[in-house]
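For reference, start.txt (compact mmCIF, C-alpha atoms):
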# COMPACT_ATOMS: atom_id res chain seq x y z
CA MET L 721 -12.45 -38.03 -115.44
CA SER L 722 -12.39 -35.59 -118.36
CA GLU L 723 -15.08 -32.92 -118.66
CA ALA L 724 -17.77 -33.50 -121.29
CA PRO L 725 -17.64 -31.34 -124.42
CA LEU L 726 -19.57 -28.07 -124.35
CA ILE L 727 -21.33 -29.05 -127.58
CA GLN L 728 -22.00 -32.53 -128.98
CA LEU L 729 -23.65 -33.38 -132.29
CA ARG L 730 -24.54 -37.00 -132.92
CA GLY L 731 -25.85 -38.18 -136.27
CA VAL L 732 -27.32 -34.77 -137.05
CA LYS L 733 -29.28 -34.56 -140.30
CA ARG L 734 -31.30 -31.70 -141.78
CA LEU L 735 -33.89 -32.15 -144.52
CA TYR L 736 -35.33 -29.27 -146.51
CA GLY L 737 -38.34 -29.64 -148.80
CA GLU L 738 -40.48 -32.65 -149.61
CA GLY L 739 -40.86 -35.24 -152.34
CA GLU L 740 -38.72 -34.70 -155.41
CA ALA L 741 -37.60 -31.32 -154.06
CA ALA L 742 -36.27 -32.83 -150.82
CA LEU L 743 -32.67 -32.01 -150.02
CA TRP L 744 -30.56 -33.40 -147.20
CA ALA L 745 -28.39 -30.40 -146.26
CA LEU L 746 -26.76 -32.39 -143.45
CA LYS L 747 -26.28 -36.14 -143.81
CA GLY L 748 -25.16 -37.35 -140.39
CA VAL L 749 -22.80 -35.00 -138.61
CA ASP L 750 -20.85 -35.98 -135.50
CA LEU L 751 -18.97 -33.13 -133.82
CA ASP L 752 -17.60 -32.38 -130.36
CA ILE L 753 -16.62 -28.84 -129.35
CA ASP L 754 -14.92 -28.15 -126.03
CA ALA L 755 -15.34 -24.96 -124.04
CA GLY L 756 -12.75 -22.36 -125.01
CA GLU L 757 -12.12 -23.63 -128.54
CA PHE L 758 -11.69 -21.40 -131.60
CA LEU L 759 -13.07 -23.38 -134.50
CA ALA L 760 -13.26 -22.36 -138.17
CA VAL L 761 -15.91 -24.02 -140.33
CA MET L 762 -15.10 -24.11 -144.04
CA GLY L 763 -16.49 -25.63 -147.22
CA PRO L 764 -17.86 -24.71 -150.64
CA SER L 765 -21.32 -23.21 -151.15
CA GLY L 766 -23.98 -25.85 -150.49
CA SER L 767 -21.65 -27.97 -148.36
CA GLY L 768 -23.83 -27.74 -145.25
CA LYS L 769 -21.61 -25.47 -143.18
CA SER L 770 -24.21 -22.71 -142.79
CA THR L 771 -26.92 -25.25 -141.97
CA ALA L 772 -24.65 -26.74 -139.32
CA MET L 773 -23.97 -23.30 -137.84
CA ASN L 774 -27.70 -22.50 -137.73
CA ALA L 775 -28.23 -25.72 -135.80
CA LEU L 776 -25.30 -25.03 -133.48
CA GLY L 777 -26.65 -21.54 -132.76
CA LEU L 778 -30.15 -22.88 -132.03
CA LEU L 779 -31.55 -20.90 -134.95
CA ASP L 780 -32.76 -24.16 -136.48
CA ARG L 781 -33.16 -27.70 -135.24
CA PRO L 782 -32.12 -31.01 -136.78
CA THR L 783 -34.53 -33.25 -138.63
CA GLU L 784 -32.74 -36.23 -137.07
CA GLY L 785 -29.95 -36.74 -134.55
CA GLU L 786 -28.96 -35.35 -131.18
CA TYR L 787 -27.61 -31.99 -130.05
CA LEU L 788 -26.30 -31.73 -126.50
CA PHE L 789 -25.34 -28.34 -125.05
CA LYS L 790 -23.65 -28.44 -121.65
CA GLY L 791 -24.84 -32.06 -121.42
CA THR L 792 -28.50 -31.24 -122.04
CA HIS L 793 -30.45 -32.42 -125.08
CA VAL L 794 -31.76 -29.39 -126.96
CA GLU L 795 -32.88 -30.91 -130.26
CA HIS L 796 -36.49 -31.23 -129.12
CA LEU L 797 -36.85 -27.86 -127.40
CA SER L 798 -39.63 -25.54 -128.52
CA ARG L 799 -38.87 -22.34 -130.40
CA ASP L 800 -39.33 -20.27 -127.23
CA GLN L 801 -37.10 -22.60 -125.20
CA ARG L 802 -34.38 -22.39 -127.84
CA ALA L 803 -34.69 -18.61 -127.84
CA LEU L 804 -34.18 -18.46 -124.07
CA LEU L 805 -31.14 -20.72 -124.25
CA ARG L 806 -29.74 -18.74 -127.16
CA ARG L 807 -30.22 -15.44 -125.33
CA LYS L 808 -28.42 -16.72 -122.25
CA TYR L 809 -25.42 -18.46 -123.81
CA PHE L 810 -24.89 -17.28 -127.41
CA GLY L 811 -23.69 -14.18 -129.20
CA PHE L 812 -23.80 -13.66 -132.97
CA VAL L 813 -21.72 -11.69 -135.45
CA PHE L 814 -22.70 -11.52 -139.11
CA GLN L 815 -21.08 -10.42 -142.34
CA GLY L 816 -23.60 -7.60 -142.74
CA PHE L 817 -23.16 -5.98 -139.28
CA HIS L 818 -26.99 -5.60 -138.79
CA LEU L 819 -26.72 -2.35 -136.84
CA LEU L 820 -29.68 0.02 -136.44
CA PRO L 821 -28.76 2.88 -138.81
CA ARG L 822 -30.10 5.89 -136.85
CA THR L 823 -28.94 4.58 -133.49
CA THR L 824 -25.64 5.34 -131.79
CA ALA L 825 -22.94 2.74 -131.22
CA LEU L 826 -23.77 2.73 -127.52
CA GLU L 827 -27.48 2.21 -128.12
CA ASN L 828 -26.81 -0.59 -130.61
CA VAL L 829 -24.67 -2.40 -128.04
CA GLU L 830 -27.26 -1.87 -125.31
CA LEU L 831 -30.00 -3.58 -127.34
CA PRO L 832 -29.52 -7.18 -126.06
CA LEU L 833 -29.52 -5.85 -122.49
CA LEU L 834 -32.72 -3.92 -123.17
CA TYR L 835 -34.39 -7.18 -124.22
CA ARG L 836 -33.23 -8.72 -120.95
CA GLY L 837 -34.75 -5.90 -118.90
CA VAL L 838 -31.41 -4.69 -117.52
CA PRO L 839 -31.83 -1.31 -115.74
CA THR L 840 -30.71 1.77 -117.68
CA LYS L 841 -27.66 2.65 -115.58
CA GLU L 842 -26.29 -0.91 -115.60
CA ARG L 843 -27.09 -1.30 -119.29
CA HIS L 844 -25.17 1.88 -120.10
CA GLN L 845 -22.16 0.81 -118.02
CA LEU L 846 -21.96 -2.67 -119.56
CA ALA L 847 -22.26 -1.29 -123.09
CA MET L 848 -19.48 1.23 -122.43
CA GLN L 849 -17.26 -1.59 -121.15
CA ALA L 850 -18.01 -3.70 -124.24
CA LEU L 851 -17.15 -0.83 -126.59
CA ASP L 852 -13.93 -0.22 -124.68
CA SER L 853 -13.01 -3.91 -124.99
CA VAL L 854 -13.20 -3.67 -128.79
CA GLY L 855 -11.21 -0.44 -128.93
CA LEU L 856 -14.05 2.01 -129.56
CA THR L 857 -13.85 4.30 -126.54
CA GLY L 858 -14.77 7.75 -127.80
CA ARG L 859 -17.06 6.45 -130.54
CA GLU L 860 -20.08 5.82 -128.31
CA THR L 861 -22.26 8.57 -129.81
CA HIS L 862 -21.41 7.83 -133.45
CA THR L 863 -24.07 6.28 -135.69
CA PRO L 864 -23.13 3.48 -138.13
CA GLY L 865 -23.01 6.00 -140.99
CA GLU L 866 -20.27 7.86 -139.13
CA LEU L 867 -18.14 4.74 -138.68
CA SER L 868 -15.93 2.77 -141.07
CA GLY L 869 -16.76 -0.83 -141.95
CA GLY L 870 -14.19 -2.11 -139.49
CA GLN L 871 -15.59 0.07 -136.73
CA GLN L 872 -19.13 -1.07 -137.50
CA GLN L 873 -18.06 -4.69 -137.16
CA ARG L 874 -16.42 -3.84 -133.82
CA VAL L 875 -19.74 -2.39 -132.65
CA ALA L 876 -21.45 -5.60 -133.79
CA ILE L 877 -18.91 -7.66 -131.83
CA ALA L 878 -19.39 -5.47 -128.75
CA ARG L 879 -23.14 -6.04 -129.04
CA ALA L 880 -22.54 -9.80 -129.28
CA ILE L 881 -20.32 -9.95 -126.19
CA VAL L 882 -22.11 -7.43 -123.94
CA THR L 883 -24.13 -10.28 -122.41
CA ASN L 884 -20.93 -12.24 -121.69
CA PRO L 885 -21.87 -15.22 -123.89
CA THR L 886 -20.38 -18.68 -123.58
CA VAL L 887 -20.30 -19.11 -127.38
CA LEU L 888 -19.76 -16.55 -130.11
CA LEU L 889 -20.90 -17.59 -133.60
CA ALA L 890 -19.34 -15.52 -136.37
CA ASP L 891 -20.72 -15.97 -139.90
CA GLU L 892 -18.21 -14.59 -142.44
CA PRO L 893 -17.31 -11.76 -140.01
CA THR L 894 -14.73 -10.26 -142.40
CA GLY L 895 -16.69 -10.76 -145.64
CA ASN L 896 -17.40 -7.03 -146.12
CA LEU L 897 -13.98 -5.75 -145.05
CA ASP L 898 -10.68 -5.07 -146.76
CA THR L 899 -7.60 -7.14 -145.91
CA GLN L 900 -6.21 -4.88 -143.19
CA ARG L 901 -9.55 -4.47 -141.41
CA SER L 902 -10.18 -8.22 -141.74
CA HIS L 903 -6.97 -9.04 -139.89
CA GLU L 904 -7.80 -6.46 -137.20
CA ILE L 905 -11.17 -8.12 -136.63
CA MET L 906 -9.55 -11.56 -136.51
CA GLU L 907 -7.04 -10.34 -133.93
CA LEU L 908 -9.95 -9.07 -131.86
CA LEU L 909 -11.73 -12.42 -132.07
CA ARG L 910 -8.53 -14.19 -131.08
CA HIS L 911 -8.15 -11.98 -128.01
CA LEU L 912 -11.77 -12.63 -127.01
CA ASN L 913 -11.00 -16.34 -127.23
CA THR L 914 -7.68 -16.33 -125.40
CA ASP L 915 -8.30 -13.53 -122.86
CA ARG L 916 -11.97 -14.08 -122.05
CA GLY L 917 -12.31 -17.77 -122.82
CA ILE L 918 -15.23 -17.30 -125.21
CA THR L 919 -15.77 -20.33 -127.44
CA ILE L 920 -15.71 -19.07 -131.03
CA LEU L 921 -17.31 -20.87 -133.98
CA MET L 922 -16.62 -19.07 -137.25
CA VAL L 923 -17.77 -19.74 -140.80
CA THR L 924 -15.36 -18.45 -143.43
CA HIS L 925 -14.43 -19.04 -147.07
CA GLU L 926 -11.01 -17.47 -146.58
CA ALA L 927 -8.05 -19.63 -145.62
CA ASP L 928 -6.08 -16.67 -144.21
CA MET L 929 -8.95 -15.90 -141.84
CA ALA L 930 -9.37 -19.56 -140.85
CA ALA L 931 -5.66 -19.53 -140.01
CA TYR L 932 -6.49 -17.62 -136.81
CA ALA L 933 -8.53 -20.56 -135.50
CA ARG L 934 -7.02 -23.42 -133.54
CA ARG L 935 -9.12 -26.05 -135.30
CA ILE L 936 -10.52 -26.26 -138.83
CA VAL L 937 -13.56 -28.33 -139.81
CA ARG L 938 -14.35 -28.71 -143.53
CA PHE L 939 -17.79 -29.65 -144.84
CA VAL L 940 -18.46 -31.26 -148.22
CA ASP L 941 -21.88 -32.47 -149.41
CA GLY L 942 -23.51 -32.31 -146.00
CA ARG L 943 -20.79 -34.23 -144.20
CA ILE L 944 -17.58 -33.39 -142.35
CA GLU L 945 -14.74 -34.11 -144.75
CA SER L 946 -11.93 -33.22 -142.32
CA ASP L 947 -11.52 -32.03 -138.74
CA VAL L 948 -7.95 -31.13 -137.85
CA PRO L 949 -6.05 -28.91 -135.43
CA ASN L 950 -4.45 -25.84 -136.93
CA VAL L 951 -0.79 -26.55 -136.26
CA GLN L 952 0.38 -23.16 -137.56
CA PRO L 953 -2.03 -20.44 -136.37
CA ALA L 954 -1.59 -16.97 -137.84
CA ALA L 955 1.13 -15.05 -136.02
CA PRO L 956 -0.16 -12.43 -133.55
CA ALA L 957 0.01 -8.88 -134.84
CA PRO L 958 0.53 -5.79 -132.67
CA ARG L 959 -2.70 -4.05 -131.75
CA ALA L 960 -3.33 -0.87 -133.68
CA GLU L 961 -3.36 2.35 -131.63
CA GLU L 962 -6.35 3.62 -133.59
CA PRO L 963 -8.67 0.78 -134.63
CA ALA L 964 -10.48 1.22 -137.89
How does this structure look as structure tokens?
Amino acid sequence: MSEAPLIQLRGVKRLYGEGEAALWALKGVDLDIDAGEFLAVMGPSGSGKSTAMNALGLLDRPTEGEYLFKGTHVEHLSRDQRALLRRKYFGFVFQGFHLLPRTTALENVELPLLYRGVPTKERHQLAMQALDSVGLTGRETHTPGELSGGQQQRVAIARAIVTNPTVLLADEPTGNLDTQRSHEIMELLRHLNTDRGITILMVTHEADMAAYARRIVRFVDGRIESDVPNVQPAAPAPRAEEPA
């Protein structure tokens, strides 16, 4: 008997506004995501991809339909219940890094552990390990202003994975980076997927970034237009000795 998908969406709809201003951002989405997948979500502006990702990350809940996570219905959970589930299983990476500007890389990475009440010594050790895993050993005491854009995104990724999440949601993670740094970040995400088994769900407008994923889902007008395996993933690149 095959294992159930990690995530299941069934007939998911999302309505914003009322009356004449009402807008169905999602119009009945069915989607299964297995543990360990690397999925790229694409589509034009207004296609529903960001709304779908907000629902998947428990940042929002559907107006209609079902959302099962690890076999449990979560669509009717309260805000606090969703927050607890999100804190336990999900990590987030955004286009805009969202680092505290006057805080060191180490302290930024420690933040999710601080919210969990992890003791100082353990928190410090886990954050150091997370920074090492993204190639930033030696940058622990640097503030965001002392780091390049690529390094700031690595700190943001370390912060997202320090709690050892089951799912990492990445919303345009390379949107503020140049081409070389973008590919470095994508290589890092690929290694997190293949080496650590983290399920990665990534929104991107860029086909060359989506090429790193193993599956590509395209949204159009609130519906899934296509859902296909990526038969030619981007070729692995050698890791840089000095990450940017």
Counting only C-alpha atoms, which residues in range 881-910 of chain L sit no more than 12 Å from range 751-770 of chain L? For each one, give the nearest pair of atoms and the distance in Å, sorted by chain then residue number, as a tab-separated table.
residue	atom	partner	partner_atom	distance
L:Pro885	CA	L:Gly756	CA	11.6
L:Thr886	CA	L:Ala755	CA	8.1
L:Val887	CA	L:Ala755	CA	8.4
L:Leu888	CA	L:Phe758	CA	9.5
L:Leu889	CA	L:Leu759	CA	9.8
L:Ala890	CA	L:Ala760	CA	9.3
L:Asp891	CA	L:Ser770	CA	8.1
L:Glu892	CA	L:Val761	CA	9.9
L:Pro893	CA	L:Ala760	CA	11.5
L:Met906	CA	L:Phe758	CA	11.2
L:Leu909	CA	L:Phe758	CA	9.0
L:Arg910	CA	L:Phe758	CA	7.9
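Distance check against Asn774 in chain L using all atoms listed in the file: of L:Glu786, L:Asn913, L:Pro821, L:Val923, the minimum falls on L:Val923.
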TODO: Quick one: everything within 10 Å of Leu819 in chain L, counting all atoms listed in the file, minus sequence neighbours fewer than 3 positions away in the same chain. Send it as a list in words.
DONE: Gly816, Arg822, Thr823, Thr824, Ala825, Glu827, Asn828, Val829, Thr863, Pro864, Gln872, Gln873, Val875, Ala876 and Arg879 of chain L
Task: Best match for closeness to Gly811 in chain L among L:Ala880, L:Ile727, L:Val951, L:Met922, counting all atoms listed in the file - done: L:Ala880
TODO: Find the distance between CA of Val749 in chain L and CA of Lys733 in chain L and write it in Å to one decimal.
DONE: 6.7 Å
Task: Distance of CA of Ala933 in chain L from CA of Leu846 in chain L, expressed in Å to one decimal place - done: 27.5 Å
Open item on the list: Can you measure CA of Gln849 in chain L to CA of Ile877 in chain L for me? One decimal in Å is fine.
Closed with: 12.4 Å
TODO: Would you mind listing what lies within 10 Å of range 736-740 of chain L as a ChimeraX atom specification, with all atoms listed in the file counted and same-chain residues fewer than 5 positions away left out?
DONE: /L:745-746,783
Open item on the list: From the options L:Glu907, L:Asp800, L:Glu795, L:Glu784, which residue's atoms come nearest to Lys747 in chain L, counting only C-alpha atoms?
Closed with: L:Glu784
- [ ] List the neighbours of Gly869 in chain L out to 10 Å using all atoms listed in the file; skip same-chain residues closer than 6 positions along the sequence, and give me the result as a PyMOL selection string.
- [x] chain L and resi 816-817+875+894+896-898+901-902+964
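Restricting the calculation to all atoms listed in the file, the smallest distance between Leu726 in chain L and any of L:Leu804, L:Leu831, L:Leu788, L:Leu776 is found for L:Leu788.
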- [ ] May I have the residues within 10 Å of Gly777 in chain L as a ChimeraX atom specification, using only C-alpha atoms and disregarding those fewer than 5 positions away in the same chain?
- [x] /L:771-772,802-803,805-806,809-812,887-889,921
Neighbouring residues of Asp928 in chain L were defined as those with any atom within 8 Å, considering all atoms listed in the file; residues of the same chain fewer than 3 positions away were excluded. Please report them as a short mmCIF file (atom, residue, chain, number, x, y, z; two decimals) with C-alpha atoms, in the frame of the given file.
data_model
loop_
_atom_site.label_atom_id
_atom_site.label_comp_id
_atom_site.auth_asym_id
_atom_site.auth_seq_id
_atom_site.Cartn_x
_atom_site.Cartn_y
_atom_site.Cartn_z
CA ALA L 931 -5.66 -19.53 -140.01
CA TYR L 932 -6.49 -17.62 -136.81
CA ALA L 954 -1.59 -16.97 -137.84
#
Open item on the list: So, with only C-alpha atoms as the atoms that count, which of L:Leu729, L:His911, L:Asp780, L:Asp852 lies closest to His793 in chain L?
Closed with: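 Closest residue, counting only C-alpha atoms: L:Leu729.
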TODO: Choose the residue, out of L:Trp744, L:Arg807, L:Arg935, L:Gln952, that has the smallest atom-to-atom separation from Tyr835 in chain L; count all atoms listed in the file.
DONE: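 Among the listed residues, L:Arg807 lies closest to Tyr835 in chain L.
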Build an axis-aligned box that encloses every atom of range 829-832 of chain L listed in the file, pad it by 8 Å on each side, and report its centre and edge lengths in Å to one decimal, as JSON.
{"center_x": -27.3, "center_y": -4.5, "center_z": -126.7, "size_x": 21.3, "size_y": 21.3, "size_z": 18.7}
Because the input lacks atoms here, generate all heavy atoms for range 787-798 of chain L and report them as a compact mmCIF listing (two decimals), keeping the file's coordinate frame.
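Output (result-v3.txt):
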# COMPACT_ATOMS: atom_id res chain seq x y z
N TYR L 787 -28.44 -33.16 -130.33
CA TYR L 787 -27.61 -31.99 -130.05
C TYR L 787 -27.61 -31.79 -128.54
O TYR L 787 -28.65 -31.50 -127.95
CB TYR L 787 -28.17 -30.76 -130.76
CG TYR L 787 -27.44 -29.46 -130.48
CD1 TYR L 787 -26.28 -29.38 -129.72
CD2 TYR L 787 -27.92 -28.26 -130.99
CE1 TYR L 787 -25.63 -28.19 -129.48
CE2 TYR L 787 -27.27 -27.05 -130.77
CZ TYR L 787 -26.13 -27.03 -129.99
OH TYR L 787 -25.48 -25.84 -129.75
N LEU L 788 -26.44 -31.96 -127.94
CA LEU L 788 -26.30 -31.73 -126.50
C LEU L 788 -25.49 -30.47 -126.27
O LEU L 788 -24.40 -30.29 -126.83
CB LEU L 788 -25.60 -32.91 -125.82
CG LEU L 788 -26.42 -34.17 -125.59
CD1 LEU L 788 -26.46 -35.02 -126.85
CD2 LEU L 788 -25.84 -34.99 -124.43
N PHE L 789 -26.04 -29.56 -125.45
CA PHE L 789 -25.34 -28.34 -125.05
C PHE L 789 -25.20 -28.36 -123.55
O PHE L 789 -26.18 -28.46 -122.82
CB PHE L 789 -26.11 -27.10 -125.50
CG PHE L 789 -25.42 -25.81 -125.13
CD1 PHE L 789 -24.30 -25.39 -125.85
CD2 PHE L 789 -25.86 -25.04 -124.08
CE1 PHE L 789 -23.64 -24.22 -125.51
CE2 PHE L 789 -25.21 -23.86 -123.74
CZ PHE L 789 -24.10 -23.45 -124.45
N LYS L 790 -23.95 -28.33 -123.08
CA LYS L 790 -23.65 -28.44 -121.65
C LYS L 790 -24.30 -29.70 -121.07
O LYS L 790 -24.80 -29.70 -119.95
CB LYS L 790 -24.10 -27.18 -120.90
CG LYS L 790 -23.37 -25.93 -121.32
CD LYS L 790 -23.92 -24.69 -120.67
CE LYS L 790 -23.57 -24.56 -119.21
NZ LYS L 790 -22.13 -24.23 -119.02
N GLY L 791 -24.32 -30.78 -121.87
CA GLY L 791 -24.84 -32.06 -121.42
C GLY L 791 -26.34 -32.23 -121.49
O GLY L 791 -26.87 -33.29 -121.14
N THR L 792 -27.04 -31.20 -121.98
CA THR L 792 -28.50 -31.24 -122.04
C THR L 792 -28.97 -31.35 -123.49
O THR L 792 -28.50 -30.62 -124.36
CB THR L 792 -29.10 -29.96 -121.42
OG1 THR L 792 -28.71 -29.88 -120.05
CG2 THR L 792 -30.62 -29.97 -121.51
N HIS L 793 -29.90 -32.28 -123.74
CA HIS L 793 -30.45 -32.42 -125.08
C HIS L 793 -31.30 -31.19 -125.42
O HIS L 793 -32.21 -30.83 -124.67
CB HIS L 793 -31.32 -33.68 -125.16
CG HIS L 793 -30.53 -34.95 -125.26
ND1 HIS L 793 -30.15 -35.49 -126.45
CD2 HIS L 793 -30.03 -35.76 -124.29
CE1 HIS L 793 -29.45 -36.58 -126.24
NE2 HIS L 793 -29.36 -36.77 -124.92
N VAL L 794 -31.01 -30.58 -126.56
CA VAL L 794 -31.76 -29.39 -126.96
C VAL L 794 -32.49 -29.58 -128.29
O VAL L 794 -33.21 -28.68 -128.73
CB VAL L 794 -30.82 -28.16 -127.05
CG1 VAL L 794 -30.17 -27.89 -125.71
CG2 VAL L 794 -29.76 -28.34 -128.13
N GLU L 795 -32.33 -30.75 -128.92
CA GLU L 795 -32.88 -30.91 -130.26
C GLU L 795 -34.40 -30.90 -130.28
O GLU L 795 -35.01 -30.64 -131.33
CB GLU L 795 -32.35 -32.18 -130.93
CG GLU L 795 -32.80 -33.48 -130.29
CD GLU L 795 -31.86 -33.97 -129.21
OE1 GLU L 795 -31.01 -33.19 -128.75
OE2 GLU L 795 -31.98 -35.16 -128.82
N HIS L 796 -35.04 -31.19 -129.14
CA HIS L 796 -36.49 -31.23 -129.12
C HIS L 796 -37.12 -30.04 -128.40
O HIS L 796 -38.33 -30.02 -128.17
CB HIS L 796 -36.98 -32.52 -128.45
CG HIS L 796 -36.54 -33.77 -129.15
ND1 HIS L 796 -36.77 -33.98 -130.49
CD2 HIS L 796 -35.85 -34.86 -128.71
CE1 HIS L 796 -36.26 -35.15 -130.85
NE2 HIS L 796 -35.69 -35.69 -129.79
N LEU L 797 -36.31 -29.03 -128.08
CA LEU L 797 -36.85 -27.86 -127.40
C LEU L 797 -37.78 -27.08 -128.33
O LEU L 797 -37.62 -27.07 -129.55
CB LEU L 797 -35.71 -26.94 -126.94
CG LEU L 797 -34.76 -27.47 -125.87
CD1 LEU L 797 -33.72 -26.42 -125.54
CD2 LEU L 797 -35.51 -27.90 -124.62
N SER L 798 -38.74 -26.39 -127.73
CA SER L 798 -39.63 -25.54 -128.52
C SER L 798 -38.87 -24.30 -129.00
O SER L 798 -37.76 -24.02 -128.55
CB SER L 798 -40.82 -25.10 -127.66
OG SER L 798 -40.38 -24.20 -126.65
